[in-house]
Every structure is written in structure tokens, then in C-alpha cells.
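This is coords.cif (mmCIF, N, CA and C atoms).
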```
data_data
#
loop_
_atom_site.label_atom_id
_atom_site.label_comp_id
_atom_site.auth_asym_id
_atom_site.auth_seq_id
_atom_site.Cartn_x
_atom_site.Cartn_y
_atom_site.Cartn_z
N MET A 69 36.87 37.52 22.08
CA MET A 69 35.47 37.70 22.34
C MET A 69 35.21 37.79 23.84
N MET A 70 35.94 37.03 24.62
CA MET A 70 35.75 37.04 26.07
C MET A 70 36.90 37.79 26.73
N PRO A 71 36.65 38.36 27.90
CA PRO A 71 37.73 39.00 28.64
C PRO A 71 38.78 37.97 29.00
N PRO A 72 39.97 38.32 29.24
CA PRO A 72 40.58 39.64 29.28
C PRO A 72 41.00 40.16 27.92
N ILE A 73 40.92 39.34 26.86
CA ILE A 73 41.36 39.78 25.55
C ILE A 73 40.36 40.75 24.92
N ASN A 74 39.08 40.42 25.01
CA ASN A 74 38.01 41.29 24.52
C ASN A 74 38.16 41.69 23.06
N LYS A 75 38.41 40.71 22.20
CA LYS A 75 38.50 41.00 20.77
C LYS A 75 37.11 40.97 20.16
N PRO A 76 36.86 41.83 19.20
CA PRO A 76 35.57 41.79 18.50
C PRO A 76 35.42 40.49 17.71
N VAL A 77 34.19 40.08 17.48
CA VAL A 77 33.89 38.84 16.77
C VAL A 77 34.48 38.88 15.37
N SER A 78 34.38 40.01 14.70
CA SER A 78 34.89 40.10 13.33
C SER A 78 36.40 39.87 13.27
N GLN A 79 37.14 40.37 14.26
CA GLN A 79 38.60 40.18 14.29
C GLN A 79 38.94 38.71 14.56
N ILE A 80 38.24 38.07 15.47
CA ILE A 80 38.49 36.65 15.76
C ILE A 80 38.17 35.82 14.53
N ALA A 81 37.13 36.16 13.81
CA ALA A 81 36.75 35.42 12.61
C ALA A 81 37.84 35.52 11.55
N ARG A 82 38.39 36.71 11.36
CA ARG A 82 39.46 36.89 10.37
C ARG A 82 40.71 36.13 10.77
N GLU A 83 41.09 36.21 12.04
CA GLU A 83 42.32 35.57 12.51
C GLU A 83 42.26 34.05 12.43
N ASN A 84 41.08 33.47 12.69
CA ASN A 84 40.98 32.02 12.77
C ASN A 84 40.29 31.39 11.57
N GLY A 85 39.84 32.17 10.62
CA GLY A 85 39.19 31.63 9.44
C GLY A 85 37.83 31.02 9.72
N ILE A 86 37.14 31.53 10.73
CA ILE A 86 35.81 31.05 11.10
C ILE A 86 34.81 32.13 10.73
N SER A 87 33.64 31.72 10.27
CA SER A 87 32.66 32.73 9.86
C SER A 87 32.08 33.44 11.10
N ASN A 88 31.66 34.69 10.86
CA ASN A 88 31.03 35.46 11.94
C ASN A 88 29.80 34.75 12.47
N LYS A 89 29.02 34.17 11.55
CA LYS A 89 27.79 33.50 11.94
C LYS A 89 28.06 32.35 12.90
N THR A 90 29.12 31.60 12.65
CA THR A 90 29.46 30.49 13.53
C THR A 90 29.82 30.99 14.92
N LEU A 91 30.62 32.05 14.99
CA LEU A 91 31.01 32.59 16.29
C LEU A 91 29.78 33.12 17.04
N TYR A 92 28.90 33.82 16.33
CA TYR A 92 27.70 34.32 16.98
C TYR A 92 26.81 33.16 17.47
N THR A 93 26.74 32.09 16.68
CA THR A 93 25.97 30.91 17.09
C THR A 93 26.56 30.30 18.34
N TRP A 94 27.89 30.16 18.40
CA TRP A 94 28.54 29.60 19.59
C TRP A 94 28.28 30.48 20.81
N ARG A 95 28.37 31.79 20.60
CA ARG A 95 28.14 32.71 21.71
C ARG A 95 26.69 32.61 22.21
N ARG A 96 25.74 32.51 21.28
CA ARG A 96 24.33 32.39 21.66
C ARG A 96 24.09 31.09 22.42
N GLU A 97 24.72 29.99 22.01
CA GLU A 97 24.58 28.71 22.70
C GLU A 97 25.15 28.79 24.12
N LEU A 98 26.31 29.44 24.26
CA LEU A 98 26.88 29.60 25.60
C LEU A 98 25.98 30.45 26.49
N LYS A 99 25.41 31.50 25.93
CA LYS A 99 24.49 32.33 26.71
C LYS A 99 23.29 31.53 27.14
N GLY A 100 22.80 30.65 26.26
CA GLY A 100 21.68 29.79 26.59
C GLY A 100 21.99 28.84 27.73
N GLN A 101 23.25 28.49 27.90
CA GLN A 101 23.68 27.62 28.99
C GLN A 101 23.92 28.40 30.28
N GLY A 102 23.78 29.72 30.22
CA GLY A 102 23.94 30.54 31.43
C GLY A 102 25.34 31.07 31.64
N VAL A 103 26.20 30.92 30.64
CA VAL A 103 27.57 31.44 30.76
C VAL A 103 27.56 32.92 30.38
N ALA A 104 28.25 33.73 31.14
CA ALA A 104 28.33 35.16 30.84
C ALA A 104 29.27 35.38 29.67
N VAL A 105 28.71 35.73 28.52
CA VAL A 105 29.49 35.92 27.30
C VAL A 105 29.09 37.25 26.68
N PRO A 106 29.68 38.35 27.11
CA PRO A 106 29.26 39.64 26.56
C PRO A 106 29.70 39.85 25.12
N GLY A 107 30.93 39.45 24.79
CA GLY A 107 31.42 39.57 23.42
C GLY A 107 31.57 41.00 22.94
N ASP A 108 32.04 41.14 21.72
CA ASP A 108 32.22 42.43 21.03
C ASP A 108 33.12 43.40 21.78
N GLY A 109 34.04 42.92 22.60
CA GLY A 109 35.02 43.77 23.25
C GLY A 109 34.45 44.76 24.24
N LYS A 110 33.30 44.46 24.81
CA LYS A 110 32.68 45.40 25.74
C LYS A 110 33.41 45.42 27.07
N ASN A 111 33.43 46.59 27.67
CA ASN A 111 33.92 46.76 29.02
C ASN A 111 32.94 46.05 29.96
N ALA A 112 33.42 45.49 31.05
CA ALA A 112 32.56 44.74 31.96
C ALA A 112 31.41 45.59 32.50
N GLU A 113 31.62 46.87 32.67
CA GLU A 113 30.55 47.74 33.17
C GLU A 113 29.46 47.97 32.13
N ASP A 114 29.76 47.67 30.86
CA ASP A 114 28.78 47.84 29.79
C ASP A 114 28.03 46.55 29.49
N TRP A 115 28.28 45.49 30.25
CA TRP A 115 27.59 44.22 30.03
C TRP A 115 26.11 44.40 30.32
N THR A 116 25.32 43.51 29.78
CA THR A 116 23.89 43.53 30.05
C THR A 116 23.64 43.06 31.48
N SER A 117 22.48 43.38 32.00
CA SER A 117 22.16 42.96 33.36
C SER A 117 22.08 41.44 33.46
N GLU A 118 21.67 40.77 32.38
CA GLU A 118 21.62 39.30 32.39
C GLU A 118 23.02 38.71 32.56
N ASP A 119 24.00 39.29 31.85
CA ASP A 119 25.38 38.81 31.96
C ASP A 119 25.94 39.05 33.36
N LYS A 120 25.66 40.21 33.90
CA LYS A 120 26.13 40.52 35.25
C LYS A 120 25.50 39.58 36.27
N PHE A 121 24.21 39.31 36.09
CA PHE A 121 23.52 38.40 37.01
C PHE A 121 24.09 36.99 36.88
N ALA A 122 24.42 36.57 35.66
CA ALA A 122 25.01 35.24 35.47
C ALA A 122 26.35 35.15 36.20
N VAL A 123 27.14 36.21 36.16
CA VAL A 123 28.43 36.22 36.88
C VAL A 123 28.19 36.14 38.38
N VAL A 124 27.20 36.87 38.88
CA VAL A 124 26.89 36.82 40.31
C VAL A 124 26.50 35.40 40.71
N LEU A 125 25.68 34.75 39.88
CA LEU A 125 25.29 33.38 40.18
C LEU A 125 26.47 32.42 40.14
N GLU A 126 27.33 32.59 39.14
CA GLU A 126 28.49 31.71 39.01
C GLU A 126 29.44 31.84 40.19
N THR A 127 29.55 33.03 40.74
CA THR A 127 30.53 33.29 41.79
C THR A 127 29.95 33.21 43.20
N ALA A 128 28.67 32.92 43.32
CA ALA A 128 28.02 32.95 44.63
C ALA A 128 28.65 31.96 45.61
N SER A 129 29.07 30.82 45.15
CA SER A 129 29.58 29.79 46.06
C SER A 129 31.11 29.69 46.06
N LEU A 130 31.78 30.62 45.41
CA LEU A 130 33.25 30.55 45.32
C LEU A 130 33.91 31.15 46.55
N SER A 131 35.05 30.56 46.92
CA SER A 131 35.85 31.13 48.00
C SER A 131 36.62 32.33 47.45
N ALA A 132 37.35 33.01 48.32
CA ALA A 132 38.11 34.20 47.89
C ALA A 132 39.15 33.83 46.84
N ALA A 133 39.86 32.72 47.04
CA ALA A 133 40.88 32.30 46.08
C ALA A 133 40.24 31.90 44.75
N GLU A 134 39.14 31.18 44.81
CA GLU A 134 38.46 30.77 43.59
C GLU A 134 37.88 31.99 42.86
N LEU A 135 37.39 32.95 43.63
CA LEU A 135 36.86 34.17 43.04
C LEU A 135 37.97 34.94 42.33
N ALA A 136 39.15 35.00 42.94
CA ALA A 136 40.28 35.70 42.32
C ALA A 136 40.65 35.02 41.01
N GLU A 137 40.67 33.70 40.99
CA GLU A 137 40.99 32.96 39.76
C GLU A 137 39.92 33.21 38.70
N TYR A 138 38.68 33.19 39.11
CA TYR A 138 37.57 33.45 38.19
C TYR A 138 37.71 34.85 37.58
N CYS A 139 38.02 35.82 38.43
CA CYS A 139 38.17 37.21 37.96
C CYS A 139 39.32 37.32 36.96
N ARG A 140 40.42 36.62 37.20
CA ARG A 140 41.54 36.66 36.26
C ARG A 140 41.13 36.07 34.91
N ARG A 141 40.40 34.95 34.94
CA ARG A 141 39.98 34.31 33.69
C ARG A 141 39.02 35.19 32.90
N LYS A 142 38.13 35.86 33.59
CA LYS A 142 37.10 36.67 32.92
C LYS A 142 37.51 38.11 32.70
N GLY A 143 38.62 38.54 33.28
CA GLY A 143 39.05 39.93 33.13
C GLY A 143 38.21 40.88 33.96
N LEU A 144 37.80 40.44 35.14
CA LEU A 144 36.97 41.24 36.02
C LEU A 144 37.71 41.56 37.30
N PHE A 145 37.10 42.39 38.11
CA PHE A 145 37.62 42.70 39.43
C PHE A 145 36.62 42.19 40.46
N ALA A 146 37.12 41.74 41.60
CA ALA A 146 36.26 41.23 42.66
C ALA A 146 35.31 42.34 43.15
N GLU A 147 35.77 43.58 43.12
CA GLU A 147 34.93 44.69 43.56
C GLU A 147 33.73 44.88 42.62
N GLN A 148 33.95 44.65 41.33
CA GLN A 148 32.84 44.75 40.38
C GLN A 148 31.77 43.71 40.71
N ILE A 149 32.21 42.49 40.94
CA ILE A 149 31.27 41.42 41.25
C ILE A 149 30.55 41.71 42.56
N GLY A 150 31.27 42.25 43.54
CA GLY A 150 30.64 42.62 44.81
C GLY A 150 29.57 43.68 44.61
N ALA A 151 29.87 44.66 43.78
CA ALA A 151 28.89 45.72 43.51
C ALA A 151 27.67 45.15 42.78
N TRP A 152 27.91 44.26 41.82
CA TRP A 152 26.80 43.64 41.09
C TRP A 152 25.94 42.80 42.04
N ARG A 153 26.61 42.11 42.96
CA ARG A 153 25.88 41.28 43.94
C ARG A 153 24.98 42.17 44.81
N ALA A 154 25.52 43.33 45.23
CA ALA A 154 24.73 44.25 46.06
C ALA A 154 23.51 44.77 45.29
N VAL A 155 23.70 45.07 44.02
CA VAL A 155 22.60 45.55 43.19
C VAL A 155 21.53 44.46 43.05
N CYS A 156 21.97 43.23 42.84
CA CYS A 156 21.02 42.11 42.73
C CYS A 156 20.26 41.93 44.03
N SER A 157 20.93 42.06 45.16
CA SER A 157 20.28 41.89 46.46
C SER A 157 19.26 42.99 46.72
N SER A 158 19.58 44.20 46.33
CA SER A 158 18.66 45.31 46.58
C SER A 158 17.53 45.38 45.57
N ALA A 159 17.63 44.61 44.49
CA ALA A 159 16.59 44.66 43.45
C ALA A 159 15.24 44.22 44.00
N ASN A 160 15.23 43.21 44.84
CA ASN A 160 13.95 42.73 45.37
C ASN A 160 13.36 43.70 46.37
N ALA A 161 14.17 44.43 47.09
CA ALA A 161 13.65 45.44 48.02
C ALA A 161 12.89 46.51 47.25
N ASN A 162 13.44 46.93 46.13
CA ASN A 162 12.76 47.93 45.31
C ASN A 162 11.48 47.36 44.73
N ALA A 163 11.47 46.08 44.40
CA ALA A 163 10.28 45.46 43.83
C ALA A 163 9.13 45.50 44.83
N ALA A 164 9.42 45.25 46.12
CA ALA A 164 8.36 45.29 47.14
C ALA A 164 7.80 46.70 47.28
N GLN A 165 8.69 47.70 47.26
CA GLN A 165 8.22 49.09 47.36
C GLN A 165 7.40 49.47 46.13
N GLN A 166 7.84 49.03 44.97
CA GLN A 166 7.11 49.34 43.75
C GLN A 166 5.74 48.66 43.76
N ALA A 167 5.67 47.43 44.24
CA ALA A 167 4.40 46.72 44.31
C ALA A 167 3.44 47.45 45.25
N ARG A 168 3.95 47.92 46.39
CA ARG A 168 3.11 48.66 47.32
C ARG A 168 2.61 49.95 46.67
N GLY A 169 3.50 50.63 45.98
CA GLY A 169 3.11 51.86 45.28
C GLY A 169 2.07 51.60 44.21
N LEU A 170 2.22 50.50 43.49
CA LEU A 170 1.24 50.15 42.46
C LEU A 170 -0.12 49.83 43.07
N ARG A 171 -0.13 49.15 44.22
CA ARG A 171 -1.40 48.85 44.89
C ARG A 171 -2.10 50.14 45.31
N GLU A 172 -1.34 51.07 45.88
CA GLU A 172 -1.92 52.35 46.29
C GLU A 172 -2.44 53.12 45.09
N GLN A 173 -1.67 53.11 44.01
CA GLN A 173 -2.09 53.80 42.79
C GLN A 173 -3.35 53.15 42.24
N SER A 174 -3.41 51.83 42.30
CA SER A 174 -4.59 51.12 41.82
C SER A 174 -5.83 51.50 42.63
N LYS A 175 -5.68 51.59 43.97
CA LYS A 175 -6.80 52.00 44.81
C LYS A 175 -7.27 53.40 44.43
N ASP A 176 -6.32 54.32 44.26
CA ASP A 176 -6.66 55.69 43.90
C ASP A 176 -7.37 55.73 42.54
N ASP A 177 -6.86 54.93 41.60
CA ASP A 177 -7.47 54.89 40.27
C ASP A 177 -8.90 54.35 40.33
N LYS A 178 -9.11 53.30 41.12
CA LYS A 178 -10.46 52.73 41.25
C LYS A 178 -11.41 53.74 41.87
N LYS A 179 -10.94 54.46 42.88
CA LYS A 179 -11.78 55.47 43.53
C LYS A 179 -12.14 56.57 42.53
N ARG A 180 -11.16 57.00 41.77
CA ARG A 180 -11.40 58.05 40.76
C ARG A 180 -12.37 57.55 39.69
N ILE A 181 -12.24 56.30 39.29
CA ILE A 181 -13.15 55.73 38.29
C ILE A 181 -14.58 55.71 38.82
N ARG A 182 -14.75 55.30 40.09
CA ARG A 182 -16.09 55.28 40.69
C ARG A 182 -16.69 56.68 40.70
N GLU A 183 -15.88 57.68 41.08
CA GLU A 183 -16.37 59.07 41.11
C GLU A 183 -16.79 59.52 39.72
N LEU A 184 -15.96 59.20 38.72
CA LEU A 184 -16.27 59.62 37.36
C LEU A 184 -17.52 58.90 36.83
N GLU A 185 -17.68 57.62 37.20
CA GLU A 185 -18.87 56.89 36.76
C GLU A 185 -20.13 57.47 37.40
N LYS A 186 -20.05 57.84 38.70
CA LYS A 186 -21.20 58.47 39.36
C LYS A 186 -21.56 59.78 38.66
N ASP A 187 -20.55 60.57 38.36
CA ASP A 187 -20.77 61.85 37.70
C ASP A 187 -21.38 61.64 36.31
N LEU A 188 -20.87 60.65 35.60
CA LEU A 188 -21.40 60.35 34.27
C LEU A 188 -22.85 59.89 34.35
N ASN A 189 -23.17 59.04 35.31
CA ASN A 189 -24.56 58.59 35.47
C ASN A 189 -25.49 59.75 35.81
N ARG A 190 -25.04 60.66 36.69
CA ARG A 190 -25.84 61.83 37.05
C ARG A 190 -26.10 62.69 35.81
N LYS A 191 -25.07 62.90 35.00
CA LYS A 191 -25.23 63.72 33.80
C LYS A 191 -26.12 63.03 32.77
N GLU A 192 -26.02 61.71 32.66
CA GLU A 192 -26.88 60.99 31.72
C GLU A 192 -28.35 61.09 32.14
N ARG A 193 -28.62 60.97 33.46
CA ARG A 193 -29.99 61.12 33.94
C ARG A 193 -30.51 62.53 33.67
N ALA A 194 -29.68 63.55 33.90
CA ALA A 194 -30.09 64.93 33.66
C ALA A 194 -30.36 65.15 32.17
N LEU A 195 -29.54 64.57 31.31
CA LEU A 195 -29.73 64.70 29.87
C LEU A 195 -31.02 63.99 29.43
N ALA A 196 -31.27 62.81 29.99
CA ALA A 196 -32.50 62.09 29.66
C ALA A 196 -33.73 62.87 30.11
N GLU A 197 -33.66 63.48 31.29
CA GLU A 197 -34.76 64.29 31.79
C GLU A 197 -35.00 65.50 30.89
N ALA A 198 -33.92 66.16 30.47
CA ALA A 198 -34.06 67.32 29.59
C ALA A 198 -34.66 66.91 28.24
N ALA A 199 -34.23 65.76 27.72
CA ALA A 199 -34.79 65.28 26.46
C ALA A 199 -36.27 64.97 26.62
N ALA A 200 -36.65 64.35 27.74
CA ALA A 200 -38.06 64.04 27.98
C ALA A 200 -38.88 65.31 28.07
N LEU A 201 -38.39 66.33 28.74
CA LEU A 201 -39.12 67.61 28.86
C LEU A 201 -39.30 68.27 27.49
N LEU A 202 -38.29 68.21 26.65
CA LEU A 202 -38.40 68.79 25.30
C LEU A 202 -39.46 68.04 24.48
N ILE A 203 -39.46 66.74 24.60
CA ILE A 203 -40.45 65.95 23.85
C ILE A 203 -41.86 66.28 24.35
N LEU A 204 -42.03 66.38 25.69
CA LEU A 204 -43.34 66.72 26.24
C LEU A 204 -43.78 68.11 25.79
N ARG A 205 -42.86 69.06 25.74
CA ARG A 205 -43.19 70.42 25.30
C ARG A 205 -43.66 70.41 23.85
N LYS A 206 -42.97 69.66 23.00
CA LYS A 206 -43.36 69.58 21.59
C LYS A 206 -44.73 68.93 21.45
N LYS A 207 -45.00 67.89 22.24
CA LYS A 207 -46.31 67.24 22.19
C LYS A 207 -47.40 68.18 22.68
N ALA A 208 -47.10 68.92 23.75
CA ALA A 208 -48.10 69.87 24.27
C ALA A 208 -48.38 70.95 23.25
N GLN A 209 -47.35 71.42 22.56
CA GLN A 209 -47.54 72.44 21.53
C GLN A 209 -48.34 71.86 20.37
N ALA A 210 -48.10 70.61 20.04
CA ALA A 210 -48.83 69.99 18.93
C ALA A 210 -50.31 69.82 19.30
N ILE A 211 -50.60 69.50 20.55
CA ILE A 211 -51.98 69.28 20.98
C ILE A 211 -52.70 70.61 21.18
N TRP A 212 -52.16 71.52 21.95
CA TRP A 212 -52.84 72.77 22.31
C TRP A 212 -52.41 73.95 21.47
N GLY A 213 -51.38 73.82 20.76
CA GLY A 213 -50.89 74.93 19.96
C GLY A 213 -50.11 75.91 20.82
N ASP A 214 -49.61 76.96 20.18
CA ASP A 214 -48.85 77.96 20.93
C ASP A 214 -49.82 78.80 21.76
N GLN A 215 -49.45 79.05 23.00
CA GLN A 215 -50.26 79.89 23.86
C GLN A 215 -49.88 81.34 23.62
N GLU A 216 -50.89 82.15 23.39
CA GLU A 216 -50.63 83.56 23.19
C GLU A 216 -50.79 84.28 24.52
N GLU A 217 -49.91 85.17 24.78
CA GLU A 217 -50.00 85.92 26.02
C GLU A 217 -50.97 87.08 25.83
N ASP A 218 -51.79 87.30 26.87
CA ASP A 218 -52.78 88.37 26.80
C ASP A 218 -52.25 89.65 27.29
#
```
Represent the structure contained in this file as C-alpha cells.
Amino acid sequence: MMPPINKPVSQIARENGISNKTLYTWRRELKGQGVAVPGDGKNAEDWTSEDKFAVVLETASLSAAELAEYCRRKGLFAEQIGAWRAVCSSANANAAQQARGLREQSKDDKKRIRELEKDLNRKERALAEAAALLILRKKAQAIWGDQEED
């Protein structure tokens, strides 16, 4: 289930006489504790971002020798962890740029909404005026009748 062997859960269950459900429960409990447990024989590059982040956190304080030992146990390469660390570090930089972009988009959206509301109010006033004129015309026709042209 874990590197470097990377056996699927079903194969481990058959070999050891343990149910699949038990193995999945154990894996879920380990994930809940923050241990990187990708399972199902996945290549390290196919791990979820949560698993990669857990590895980065686990290895943040390790020396080079300890990192090498960790990599051997997990079936990873130090370069992979370095790349994942760089991605994690740059993630917050992108978040700041995205937040700035969202603020600008929000300002533009608010401005557009104000313009559309002004336009809608102008059209509603024009429609109300037209309706009032039609009503007045009908009342005038009812009072004085149709005017005949001479």
C-alpha cells in the first residue's frame, strides 16, 4: 500500500487475510493523523496535493541524511520533495495575485451594476411617464370625445 512496494489494497488483503474495509479504515486513520498514505500503488507524482503537502511538512525540519532515509522509506526522491516544496512556497504568491485580481474584478462589477441600475431607473421613469400620458389621453377622450379635424 505504501511506497516503495506500492501494492494495491486488494492484493495486500488477499496476501494477509485482512478485509479490504479494514485496510481502508487503517489508511483513513493514518491520513487523519497527517501521514502521507496515497495507497493503491500510485506513482508519487500522482499523489493528491494533500499527500504531497504532508510530505513537505514531514520533511521540513530534516537534515540531508534524514531526508535521504525518509525518501528510501517512502520510495521518493529528494528532488521530488524539493519540487513539491517550491510549489507550496509559490502557492501563496499566486493567492495574493488572485486576491488582487478579484478585488479589481469586484470593483468593475460594482461599477457596472451601478450603471445598469441607473439605466434601469431611467427606463422605469420613462415607462411610467408613457403610461401616465396614455391614461391621460384616454381620460381626455372620455371627457371631450374624439376631436374631428376640420
Take atom CA of Asp114 of chain A and atom CA of Ala128 of chain A and report the distance between them in Å, one decimal.
->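 Straight-line distance from atom CA of Asp114 of chain A to atom CA of Ala128 of chain A works out to 21.0 Å.
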As a ChimeraX atom specification, which residues of segment 111-193 of chain A does DSSP assign to alpha helix (DSSP H)?
-> /A:117-127,132-142,146-193
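Taking atom N of Leu135 of chain A and atom N of Trp152 of chain A as endpoints, the distance between them is 14.9 Å.
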How far is it from atom C of Gly100 of chain A to atom N of Thr116 of chain A, in Å with one decimal?
-> 15.2 Å
Could you give me, as a tab-separated table (two decimals) with N, CA and C atoms, in the frame of the given file, the residues within 12 Å of Ala136 of chain A, counting only C-alpha atoms and dropping anything in the same chain fewer than 3 positions from it?
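To be explicit, this is the file written out as around22.tsv:
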```tsv
chain	number	residue	atom	x	y	z
A	127	THR	N	29.55	33.03	40.74
A	127	THR	CA	30.53	33.29	41.79
A	127	THR	C	29.95	33.21	43.20
A	130	LEU	N	31.78	30.62	45.41
A	130	LEU	CA	33.25	30.55	45.32
A	130	LEU	C	33.91	31.15	46.55
A	131	SER	N	35.05	30.56	46.92
A	131	SER	CA	35.85	31.13	48.00
A	131	SER	C	36.62	32.33	47.45
A	132	ALA	N	37.35	33.01	48.32
A	132	ALA	CA	38.11	34.20	47.89
A	132	ALA	C	39.15	33.83	46.84
A	133	ALA	N	39.86	32.72	47.04
A	133	ALA	CA	40.88	32.30	46.08
A	133	ALA	C	40.24	31.90	44.75
A	139	CYS	N	38.02	35.82	38.43
A	139	CYS	CA	38.17	37.21	37.96
A	139	CYS	C	39.32	37.32	36.96
A	140	ARG	N	40.42	36.62	37.20
A	140	ARG	CA	41.54	36.66	36.26
A	140	ARG	C	41.13	36.07	34.91
A	141	ARG	N	40.40	34.95	34.94
A	141	ARG	CA	39.98	34.31	33.69
A	141	ARG	C	39.02	35.19	32.90
A	142	LYS	N	38.13	35.86	33.59
A	142	LYS	CA	37.10	36.67	32.92
A	142	LYS	C	37.51	38.11	32.70
A	143	GLY	N	38.62	38.54	33.28
A	143	GLY	CA	39.05	39.93	33.13
A	143	GLY	C	38.21	40.88	33.96
A	144	LEU	N	37.80	40.44	35.14
A	144	LEU	CA	36.97	41.24	36.02
A	144	LEU	C	37.71	41.56	37.30
A	145	PHE	N	37.10	42.39	38.11
A	145	PHE	CA	37.62	42.70	39.43
A	145	PHE	C	36.62	42.19	40.46
A	146	ALA	N	37.12	41.74	41.60
A	146	ALA	CA	36.26	41.23	42.66
A	146	ALA	C	35.31	42.34	43.15
A	147	GLU	N	35.77	43.58	43.12
A	147	GLU	CA	34.93	44.69	43.56
A	147	GLU	C	33.73	44.88	42.62
A	148	GLN	N	33.95	44.65	41.33
A	148	GLN	CA	32.84	44.75	40.38
A	148	GLN	C	31.77	43.71	40.71
A	149	ILE	N	32.21	42.49	40.94
A	149	ILE	CA	31.27	41.42	41.25
A	149	ILE	C	30.55	41.71	42.56
```
